[in-house]
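> Handing over entry-v9.pdb, PDB, C-alpha atoms.
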ATOM      1  CA  THR H  28     -14.367   6.072 -16.938  1.00  0.00           C
ATOM      2  CA  ASN H  29     -17.769   6.551 -15.206  1.00  0.00           C
ATOM      3  CA  ASN H  30     -15.954   7.590 -12.012  1.00  0.00           C
ATOM      4  CA  PRO H  31     -17.851   5.347  -9.588  1.00  0.00           C
ATOM      5  CA  THR H  32     -17.164   4.803  -5.906  1.00  0.00           C
ATOM      6  CA  LEU H  33     -15.708   1.316  -5.541  1.00  0.00           C
ATOM      7  CA  VAL H  34     -16.010  -0.523  -2.211  1.00  0.00           C
ATOM      8  CA  PHE H  35     -13.737  -3.475  -1.380  1.00  0.00           C
ATOM      9  CA  GLN H  36     -14.232  -5.417   1.854  1.00  0.00           C
ATOM     10  CA  GLY H  37     -11.546  -8.099   1.639  1.00  0.00           C
ATOM     11  CA  ASN H  38      -8.210  -8.788  -0.026  1.00  0.00           C
ATOM     12  CA  ILE H  39      -7.285  -7.150  -3.334  1.00  0.00           C
ATOM     13  CA  THR H  40      -5.091  -9.254  -5.629  1.00  0.00           C
ATOM     14  CA  TRP H  41      -3.838  -8.061  -9.000  1.00  0.00           C
ATOM     15  CA  THR H  42      -2.787 -11.065 -11.080  1.00  0.00           C
ATOM     16  CA  GLU H  43      -1.019 -10.614 -14.409  1.00  0.00           C
ATOM     17  CA  THR H  44      -0.349 -13.347 -16.938  1.00  0.00           C
ATOM     18  CA  SER H  45       1.423 -12.718 -20.242  1.00  0.00           C
ATOM     19  CA  SER H  46      -0.032  -9.220 -20.758  1.00  0.00           C
ATOM     20  CA  PRO H  47       0.128  -6.366 -18.217  1.00  0.00           C
ATOM     21  CA  ILE H  48      -3.189  -5.227 -16.787  1.00  0.00           C
ATOM     22  CA  ALA H  49      -3.823  -1.479 -16.893  1.00  0.00           C
ATOM     23  CA  TRP H  50      -5.998   0.400 -14.420  1.00  0.00           C
ATOM     24  CA  THR H  51      -7.649   3.464 -15.989  1.00  0.00           C
ATOM     25  CA  LYS H  52      -7.985   5.919 -13.137  1.00  0.00           C
ATOM     26  CA  GLY H  53     -11.142   7.987 -12.857  1.00  0.00           C
ATOM     27  CA  THR H  54     -12.167  10.679 -10.399  1.00  0.00           C
ATOM     28  CA  GLY H  55     -14.164   8.399  -8.128  1.00  0.00           C
ATOM     29  CA  THR H  56     -13.110   6.960  -4.776  1.00  0.00           C
ATOM     30  CA  ILE H  57     -11.943   3.536  -3.665  1.00  0.00           C
ATOM     31  CA  THR H  58     -13.209   2.676  -0.185  1.00  0.00           C
ATOM     32  CA  LEU H  59     -11.585  -0.141   1.767  1.00  0.00           C
ATOM     33  CA  SER H  60     -14.145  -1.212   4.356  1.00  0.00           C
ATOM     34  CA  GLY H  61     -15.293  -4.247   6.263  1.00  0.00           C
ATOM     35  CA  GLY H  62     -13.265  -7.428   6.312  1.00  0.00           C
ATOM     36  CA  SER H  63     -11.642  -8.901   9.388  1.00  0.00           C
ATOM     37  CA  GLY H  64      -8.138  -9.421  10.722  1.00  0.00           C
ATOM     38  CA  THR H  65      -5.632  -8.373   8.047  1.00  0.00           C
ATOM     39  CA  ASN H  66      -6.567  -7.814   4.407  1.00  0.00           C
ATOM     40  CA  THR H  67      -3.806  -7.548   1.775  1.00  0.00           C
ATOM     41  CA  LEU H  68      -3.852  -4.862  -0.924  1.00  0.00           C
ATOM     42  CA  ASP H  69      -2.044  -5.510  -4.205  1.00  0.00           C
ATOM     43  CA  PHE H  70      -2.577  -2.746  -6.780  1.00  0.00           C
ATOM     44  CA  ASP H  71       0.509  -3.834  -8.753  1.00  0.00           C
ATOM     45  CA  GLY H  72       2.162  -0.423  -8.496  1.00  0.00           C
ATOM     46  CA  GLN H  73      -0.689   1.236 -10.390  1.00  0.00           C
ATOM     47  CA  SER H  74      -1.846   4.844 -10.092  1.00  0.00           C
ATOM     48  CA  ILE H  75      -5.365   4.712  -8.671  1.00  0.00           C
ATOM     49  CA  GLU H  76      -8.153   6.953  -7.405  1.00  0.00           C
ATOM     50  CA  ALA H  77      -8.345   8.554  -3.971  1.00  0.00           C
ATOM     51  CA  VAL H  78      -8.494   5.855  -1.299  1.00  0.00           C
ATOM     52  CA  THR H  79     -10.495   5.844   1.924  1.00  0.00           C
ATOM     53  CA  VAL H  80      -9.769   3.287   4.649  1.00  0.00           C
ATOM     54  CA  ASN H  81     -12.892   2.858   6.779  1.00  0.00           C
ATOM     55  CA  ALA H  82     -12.586  -0.500   8.536  1.00  0.00           C
ATOM     56  CA  SER H  83     -12.655  -0.319  12.313  1.00  0.00           C
ATOM     57  CA  GLY H  84     -10.551  -3.035  13.932  1.00  0.00           C
ATOM     58  CA  VAL H  85      -9.180  -4.244  10.581  1.00  0.00           C
ATOM     59  CA  VAL H  86      -5.660  -3.906   9.127  1.00  0.00           C
ATOM     60  CA  LYS H  87      -5.425  -3.090   5.420  1.00  0.00           C
ATOM     61  CA  GLN H  88      -1.889  -4.111   4.454  1.00  0.00           C
ATOM     62  CA  LEU H  89      -0.035  -3.226   1.259  1.00  0.00           C
ATOM     63  CA  SER H  90       1.561  -5.980  -0.800  1.00  0.00           C
ATOM     64  CA  ASP H  91       2.953  -3.642  -3.482  1.00  0.00           C
ATOM     65  CA  ASN H  92       3.780   0.019  -4.013  1.00  0.00           C
ATOM     66  CA  VAL H  93       0.834   2.259  -4.842  1.00  0.00           C
ATOM     67  CA  THR H  94       0.141   5.765  -6.146  1.00  0.00           C
ATOM     68  CA  VAL H  95      -3.113   7.339  -4.954  1.00  0.00           C
ATOM     69  CA  ALA H  96      -4.964  10.545  -5.808  1.00  0.00           C
ATOM     70  CA  GLY H  97      -5.496  11.123  -2.080  1.00  0.00           C
ATOM     71  CA  LEU H  98      -5.625   9.111   1.121  1.00  0.00           C
ATOM     72  CA  THR H  99      -8.110   9.259   3.997  1.00  0.00           C
ATOM     73  CA  ILE H 100      -8.001   6.920   6.998  1.00  0.00           C
ATOM     74  CA  THR H 101     -11.230   7.318   8.939  1.00  0.00           C
ATOM     75  CA  ALA H 102     -11.123   4.030  10.890  1.00  0.00           C
ATOM     76  CA  GLY H 103      -8.875   0.990  11.043  1.00  0.00           C
ATOM     77  CA  THR H 104      -5.226   0.666  10.064  1.00  0.00           C
ATOM     78  CA  LEU H 105      -3.236   1.101   6.867  1.00  0.00           C
ATOM     79  CA  ASP H 106       0.025  -0.865   7.119  1.00  0.00           C
ATOM     80  CA  VAL H 107       2.881  -0.711   4.573  1.00  0.00           C
ATOM     81  CA  SER H 108       3.886  -4.254   5.722  1.00  0.00           C
ATOM     82  CA  THR H 109       7.315  -5.576   6.650  1.00  0.00           C
ATOM     83  CA  SER H 110       8.280  -5.138   2.977  1.00  0.00           C
ATOM     84  CA  ASN H 111       7.955  -1.372   3.523  1.00  0.00           C
ATOM     85  CA  TYR H 112       6.026  -0.632   0.351  1.00  0.00           C
ATOM     86  CA  GLY H 113       5.980   2.969  -0.818  1.00  0.00           C
ATOM     87  CA  ILE H 114       2.974   5.256  -1.109  1.00  0.00           C
ATOM     88  CA  THR H 115       2.941   8.174  -3.543  1.00  0.00           C
ATOM     89  CA  VAL H 116       0.193  10.740  -3.001  1.00  0.00           C
ATOM     90  CA  SER H 117      -0.919  13.367  -5.511  1.00  0.00           C
ATOM     91  CA  GLY H 118      -3.727  14.729  -3.308  1.00  0.00           C
ATOM     92  CA  ASN H 119      -4.400  15.269   0.391  1.00  0.00           C
ATOM     93  CA  TRP H 120      -3.620  12.979   3.327  1.00  0.00           C
ATOM     94  CA  SER H 121      -6.002  12.833   6.283  1.00  0.00           C
ATOM     95  CA  ASN H 122      -5.694  10.350   9.136  1.00  0.00           C
ATOM     96  CA  SER H 123      -8.061   9.803  12.031  1.00  0.00           C
ATOM     97  CA  GLY H 124      -7.285   6.076  12.270  1.00  0.00           C
ATOM     98  CA  THR H 125      -3.846   4.429  12.287  1.00  0.00           C
ATOM     99  CA  PHE H 126      -1.033   4.525   9.755  1.00  0.00           C
ATOM    100  CA  THR H 127       1.731   1.954  10.330  1.00  0.00           C
ATOM    101  CA  ALA H 128       4.734   3.425   8.524  1.00  0.00           C
ATOM    102  CA  ARG H 129       7.386   0.849   9.506  1.00  0.00           C
ATOM    103  CA  SER H 130      10.498   1.681   7.399  1.00  0.00           C
ATOM    104  CA  GLY H 131       8.523   2.812   4.363  1.00  0.00           C
ATOM    105  CA  THR H 132       8.497   6.067   2.397  1.00  0.00           C
ATOM    106  CA  VAL H 133       5.574   8.349   1.604  1.00  0.00           C
ATOM    107  CA  THR H 134       6.046  10.758  -1.322  1.00  0.00           C
ATOM    108  CA  PHE H 135       3.908  13.831  -2.021  1.00  0.00           C
ATOM    109  CA  ASN H 136       4.294  14.836  -5.661  1.00  0.00           C
ATOM    110  CA  SER H 137       1.604  17.326  -6.702  1.00  0.00           C
ATOM    111  CA  SER H 138       2.180  20.613  -8.511  1.00  0.00           C
ATOM    112  CA  GLY H 139      -0.738  22.070  -6.525  1.00  0.00           C
ATOM    113  CA  THR H 140      -1.380  22.447  -2.801  1.00  0.00           C
ATOM    114  CA  GLN H 141      -1.586  19.260  -0.731  1.00  0.00           C
ATOM    115  CA  THR H 142      -2.646  19.133   2.912  1.00  0.00           C
ATOM    116  CA  LEU H 143      -1.250  16.670   5.426  1.00  0.00           C
ATOM    117  CA  ASN H 144      -3.111  15.759   8.607  1.00  0.00           C
ATOM    118  CA  ALA H 145      -0.968  13.063  10.187  1.00  0.00           C
ATOM    119  CA  GLY H 146      -3.390  12.334  13.004  1.00  0.00           C
ATOM    120  CA  SER H 147      -1.728  10.507  15.890  1.00  0.00           C
ATOM    121  CA  SER H 148       0.473   8.334  13.631  1.00  0.00           C
ATOM    122  CA  SER H 149       4.148   8.797  12.811  1.00  0.00           C
ATOM    123  CA  PHE H 150       5.777   8.696   9.397  1.00  0.00           C
ATOM    124  CA  ASN H 151       9.084   7.023   8.621  1.00  0.00           C
ATOM    125  CA  ASN H 152      10.590   8.633   5.499  1.00  0.00           C
ATOM    126  CA  LEU H 153       8.722  11.518   3.873  1.00  0.00           C
ATOM    127  CA  THR H 154       9.626  13.108   0.542  1.00  0.00           C
ATOM    128  CA  HIS H 155       8.034  16.198  -0.954  1.00  0.00           C
ATOM    129  CA  SER H 156       8.908  16.130  -4.661  1.00  0.00           C
ATOM    130  CA  GLY H 157       6.017  18.164  -6.076  1.00  0.00           C
ATOM    131  CA  ALA H 158       6.410  21.696  -7.402  1.00  0.00           C
ATOM    132  CA  GLY H 159       3.442  22.818  -5.303  1.00  0.00           C
ATOM    133  CA  THR H 160       2.954  23.233  -1.551  1.00  0.00           C
ATOM    134  CA  LEU H 161       2.713  20.556   1.115  1.00  0.00           C
ATOM    135  CA  GLN H 162       0.935  22.098   4.105  1.00  0.00           C
ATOM    136  CA  LEU H 163       0.443  20.608   7.555  1.00  0.00           C
ATOM    137  CA  ILE H 164      -3.037  20.912   9.046  1.00  0.00           C
ATOM    138  CA  THR H 165      -4.673  20.006  12.371  1.00  0.00           C
ATOM    139  CA  ASN H 166      -1.951  17.778  13.869  1.00  0.00           C
ATOM    140  CA  THR H 167       1.798  17.929  14.402  1.00  0.00           C
ATOM    141  CA  LEU H 168       4.199  15.892  12.273  1.00  0.00           C
ATOM    142  CA  ASP H 169       6.306  13.155  13.872  1.00  0.00           C
ATOM    143  CA  MET H 170       8.929  11.418  11.741  1.00  0.00           C
ATOM    144  CA  ASN H 171      11.067   8.411  12.621  1.00  0.00           C
ATOM    145  CA  GLY H 172      13.072   8.483   9.388  1.00  0.00           C
ATOM    146  CA  ASP H 173      14.353  11.013   6.850  1.00  0.00           C
ATOM    147  CA  PHE H 174      12.680  14.173   5.574  1.00  0.00           C
ATOM    148  CA  SER H 175      13.579  15.244   2.029  1.00  0.00           C
ATOM    149  CA  GLN H 176      12.189  18.216   0.147  1.00  0.00           C
ATOM    150  CA  THR H 177      13.344  18.152  -3.460  1.00  0.00           C
ATOM    151  CA  ALA H 178      10.909  20.701  -4.928  1.00  0.00           C
ATOM    152  CA  GLY H 179       8.212  23.208  -4.028  1.00  0.00           C
ATOM    153  CA  THR H 180       7.225  24.577  -0.628  1.00  0.00           C
ATOM    154  CA  PHE H 181       6.733  22.922   2.744  1.00  0.00           C
ATOM    155  CA  ASN H 182       4.422  24.947   4.982  1.00  0.00           C
ATOM    156  CA  ALA H 183       4.456  23.900   8.637  1.00  0.00           C
ATOM    157  CA  ASN H 184       1.418  26.126   9.236  1.00  0.00           C
ATOM    158  CA  SER H 185       2.214  26.931  12.911  1.00  0.00           C
ATOM    159  CA  LEU H 186       2.435  23.212  13.781  1.00  0.00           C
ATOM    160  CA  ALA H 187       5.348  21.500  15.528  1.00  0.00           C
ATOM    161  CA  GLN H 188       7.476  18.839  13.867  1.00  0.00           C
ATOM    162  CA  THR H 189       9.754  16.101  15.191  1.00  0.00           C
ATOM    163  CA  TYR H 190      12.488  14.600  13.038  1.00  0.00           C
ATOM    164  CA  ALA H 191      14.542  11.546  14.032  1.00  0.00           C
ATOM    165  CA  GLY H 192      16.449  11.048  10.765  1.00  0.00           C
ATOM    166  CA  ASN H 193      18.267  13.195   8.228  1.00  0.00           C
ATOM    167  CA  PHE H 194      16.710  16.491   7.144  1.00  0.00           C
ATOM    168  CA  SER H 195      17.340  17.803   3.630  1.00  0.00           C
ATOM    169  CA  LEU H 196      16.179  20.817   1.597  1.00  0.00           C
ATOM    170  CA  SER H 197      17.196  20.894  -2.060  1.00  0.00           C
ATOM    171  CA  SER H 198      18.067  24.093  -3.920  1.00  0.00           C
ATOM    172  CA  ASP H 199      15.144  26.285  -5.050  1.00  0.00           C
ATOM    173  CA  THR H 200      12.810  24.952  -2.345  1.00  0.00           C
ATOM    174  CA  THR H 201      11.032  26.881   0.388  1.00  0.00           C
ATOM    175  CA  PHE H 202      10.474  25.863   4.002  1.00  0.00           C
ATOM    176  CA  THR H 203       7.899  27.950   5.894  1.00  0.00           C
ATOM    177  CA  LYS H 204       8.508  27.534   9.609  1.00  0.00           C
ATOM    178  CA  GLY H 205       5.688  26.709  12.001  1.00  0.00           C
ATOM    179  CA  GLY H 206       5.813  25.499  15.591  1.00  0.00           C
ATOM    180  CA  ALA H 207       8.926  24.215  17.322  1.00  0.00           C
ATOM    181  CA  ILE H 208      11.169  21.686  15.577  1.00  0.00           C
ATOM    182  CA  THR H 209      12.708  18.847  17.575  1.00  0.00           C
ATOM    183  CA  PHE H 210      15.469  16.565  16.336  1.00  0.00           C
ATOM    184  CA  ASP H 211      15.062  13.423  18.424  1.00  0.00           C
ATOM    185  CA  GLY H 212      15.520   9.680  17.996  1.00  0.00           C
ATOM    186  CA  THR H 213      18.402   7.414  18.922  1.00  0.00           C
ATOM    187  CA  THR H 214      20.760   7.745  15.947  1.00  0.00           C
ATOM    188  CA  ALA H 215      23.017  10.517  14.670  1.00  0.00           C
ATOM    189  CA  ALA H 216      21.522  12.562  11.831  1.00  0.00           C
ATOM    190  CA  THR H 217      22.490  15.259   9.331  1.00  0.00           C
ATOM    191  CA  TYR H 218      20.959  18.603   8.385  1.00  0.00           C
ATOM    192  CA  THR H 219      21.367  19.890   4.823  1.00  0.00           C
ATOM    193  CA  ASP H 220      19.946  23.144   3.448  1.00  0.00           C
ATOM    194  CA  SER H 221      21.006  23.646  -0.176  1.00  0.00           C
ATOM    195  CA  THR H 222      18.843  26.732  -0.787  1.00  0.00           C
ATOM    196  CA  ALA H 223      20.539  29.967  -1.862  1.00  0.00           C
ATOM    197  CA  THR H 224      19.416  31.684   1.342  1.00  0.00           C
ATOM    198  CA  PRO H 225      19.211  29.288   4.310  1.00  0.00           C
ATOM    199  CA  GLN H 226      15.632  28.786   5.421  1.00  0.00           C
ATOM    200  CA  ASN H 227      14.649  29.875   8.938  1.00  0.00           C
ATOM    201  CA  MET H 228      13.769  26.806  11.012  1.00  0.00           C
ATOM    202  CA  GLY H 229      12.370  28.834  13.926  1.00  0.00           C
ATOM    203  CA  ALA H 230      12.778  27.339  17.416  1.00  0.00           C
ATOM    204  CA  VAL H 231      14.912  24.179  17.292  1.00  0.00           C
ATOM    205  CA  THR H 232      15.712  21.610  19.986  1.00  0.00           C
ATOM    206  CA  ILE H 233      18.193  18.734  19.691  1.00  0.00           C
ATOM    207  CA  THR H 234      17.301  16.004  22.159  1.00  0.00           C
ATOM    208  CA  LYS H 235      18.458  12.572  21.037  1.00  0.00           C
ATOM    209  CA  THR H 236      18.347   9.789  23.587  1.00  0.00           C
ATOM    210  CA  ASN H 237      20.930   7.144  22.748  1.00  0.00           C
ATOM    211  CA  GLY H 238      23.153   5.827  25.528  1.00  0.00           C
ATOM    212  CA  THR H 239      26.155   6.287  23.219  1.00  0.00           C
ATOM    213  CA  ALA H 240      27.183   9.936  22.944  1.00  0.00           C
ATOM    214  CA  SER H 241      28.247   9.655  19.281  1.00  0.00           C
ATOM    215  CA  ASN H 242      24.638   8.887  18.347  1.00  0.00           C
ATOM    216  CA  ASN H 243      23.251  11.937  20.145  1.00  0.00           C
ATOM    217  CA  LYS H 244      24.422  14.287  17.411  1.00  0.00           C
ATOM    218  CA  LEU H 245      23.043  16.461  14.615  1.00  0.00           C
ATOM    219  CA  THR H 246      25.699  17.265  12.016  1.00  0.00           C
ATOM    220  CA  LEU H 247      25.347  20.375   9.865  1.00  0.00           C
ATOM    221  CA  VAL H 248      26.242  19.747   6.226  1.00  0.00           C
ATOM    222  CA  SER H 249      25.300  23.366   5.427  1.00  0.00           C
ATOM    223  CA  SER H 250      24.460  26.608   7.187  1.00  0.00           C
ATOM    224  CA  MET H 251      21.413  26.606   9.476  1.00  0.00           C
ATOM    225  CA  THR H 252      19.260  29.597  10.401  1.00  0.00           C
ATOM    226  CA  VAL H 253      17.147  29.480  13.593  1.00  0.00           C
ATOM    227  CA  ASP H 254      15.328  31.850  15.920  1.00  0.00           C
ATOM    228  CA  ARG H 255      16.399  29.858  18.981  1.00  0.00           C
ATOM    229  CA  MET H 256      18.518  26.739  19.517  1.00  0.00           C
ATOM    230  CA  THR H 257      18.320  24.389  22.511  1.00  0.00           C
ATOM    231  CA  ILE H 258      20.788  21.521  22.819  1.00  0.00           C
ATOM    232  CA  SER H 259      19.843  19.023  25.491  1.00  0.00           C
ATOM    233  CA  ALA H 260      22.362  17.462  27.864  1.00  0.00           C
ATOM    234  CA  SER H 261      24.602  14.793  26.281  1.00  0.00           C
ATOM    235  CA  ASN H 262      23.716  16.041  22.770  1.00  0.00           C
ATOM    236  CA  THR H 263      26.026  17.632  20.215  1.00  0.00           C
ATOM    237  CA  LEU H 264      25.586  19.991  17.279  1.00  0.00           C
TER
END
Represent the supplied structure as structure tokens.

Amino acid sequence: TNNPTLVFQGNITWTETSSPIAWTKGTGTITLSGGSGTNTLDFDGQSIEAVTVNASGVVKQLSDNVTVAGLTITAGTLDVSTSNYGITVSGNWSNSGTFTARSGTVTFNSSGTQTLNAGSSSFNNLTHSGAGTLQLITNTLDMNGDFSQTAGTFNANSLAQTYAGNFSLSSDTTFTKGGAITFDGTTAATYTDSTATPQNMGAVTITKTNGTASNNKLTLVSSMTVDRMTISASNTL
């Protein structure tokens, strides 16, 4: 309740007995620094303050799902682990270190504007479920899994995006095109735009690279509006 800055340098373990433990979130910051090797982070699925990872050469690895008021990686690695724990973010995301997404899902859920600077790391699945705007800044977005926008606005802000999995826009959402969009990866994927007026994707390239032709395919489940479409050799729309 005093909104301090909390600094943790090792493992974080949340142990419950017969009664659940509640974390009362303030407006301070949790900094994960120091340590060595791999430190595990167990917040027991709680909603916590904004988190900063500042631990050069150290891996901070989730051992449960977590909801954060914002996430900044300034040094070191944040790893969702082989259990692919989920991260829900109600604030901004800024990465100048390493994010190891594995097969996990990151969800942005704010009713306000959230900024996303992916740095040089890729995402797996990304969901924008907030009624506000998710806006890319500084770096392009590279995704190895599925993109799903179920509410609000996604603003690409003149930045390129690469999608390897399924791409889905729910009804009453807005997609503001930016730089070029590339559908890549090694598996077949689908494109679904359920908005009343199909959103303009801008310049789109399909360039999947599986040795099996049936996997080099983007299937339209709805109409698709583009400024320009490029389909690479051995690919199918």
> Starting from the PyMOL selection byres ((chain H and resi 40) around 9), expand the selection into actual residues of this file and give them as a PyMOL selection string.
chain H and resi 38-39+41-42+67-71+90
> Could you tell me how far atom CA of Asp106 of chain H sits from atom CA of Thr234 of chain H, in Å to one decimal place?
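It comes out at 28.4 Å.
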> For atom CA of Val95 of chain H and atom CA of Thr56 of chain H, quote the distance in Å rounded to one decimal.
10.0 Å
> For the provided coordinates, the residues matched by the PyMOL selection byres ((chain H and resi 242) around 7) should be stated as a list in words.
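Matching residues under the PyMOL selection byres ((chain H and resi 242) around 7) are Thr213, Thr214, Ala215, Asn237, Thr239, Ala240, Ser241, Asn243 and Lys244 of chain H.
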> Take atom CA of Gly64 of chain H and atom CA of Gly37 of chain H and report the distance between them in Å, one decimal.
9.8 Å
> Nearest residue to Asn166 of chain H out of H:Phe210, H:Trp50, H:Phe181, H:Trp120, using all atoms listed in the file?
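With all atoms listed in the file as the atom set, the closest residue is H:Trp120.
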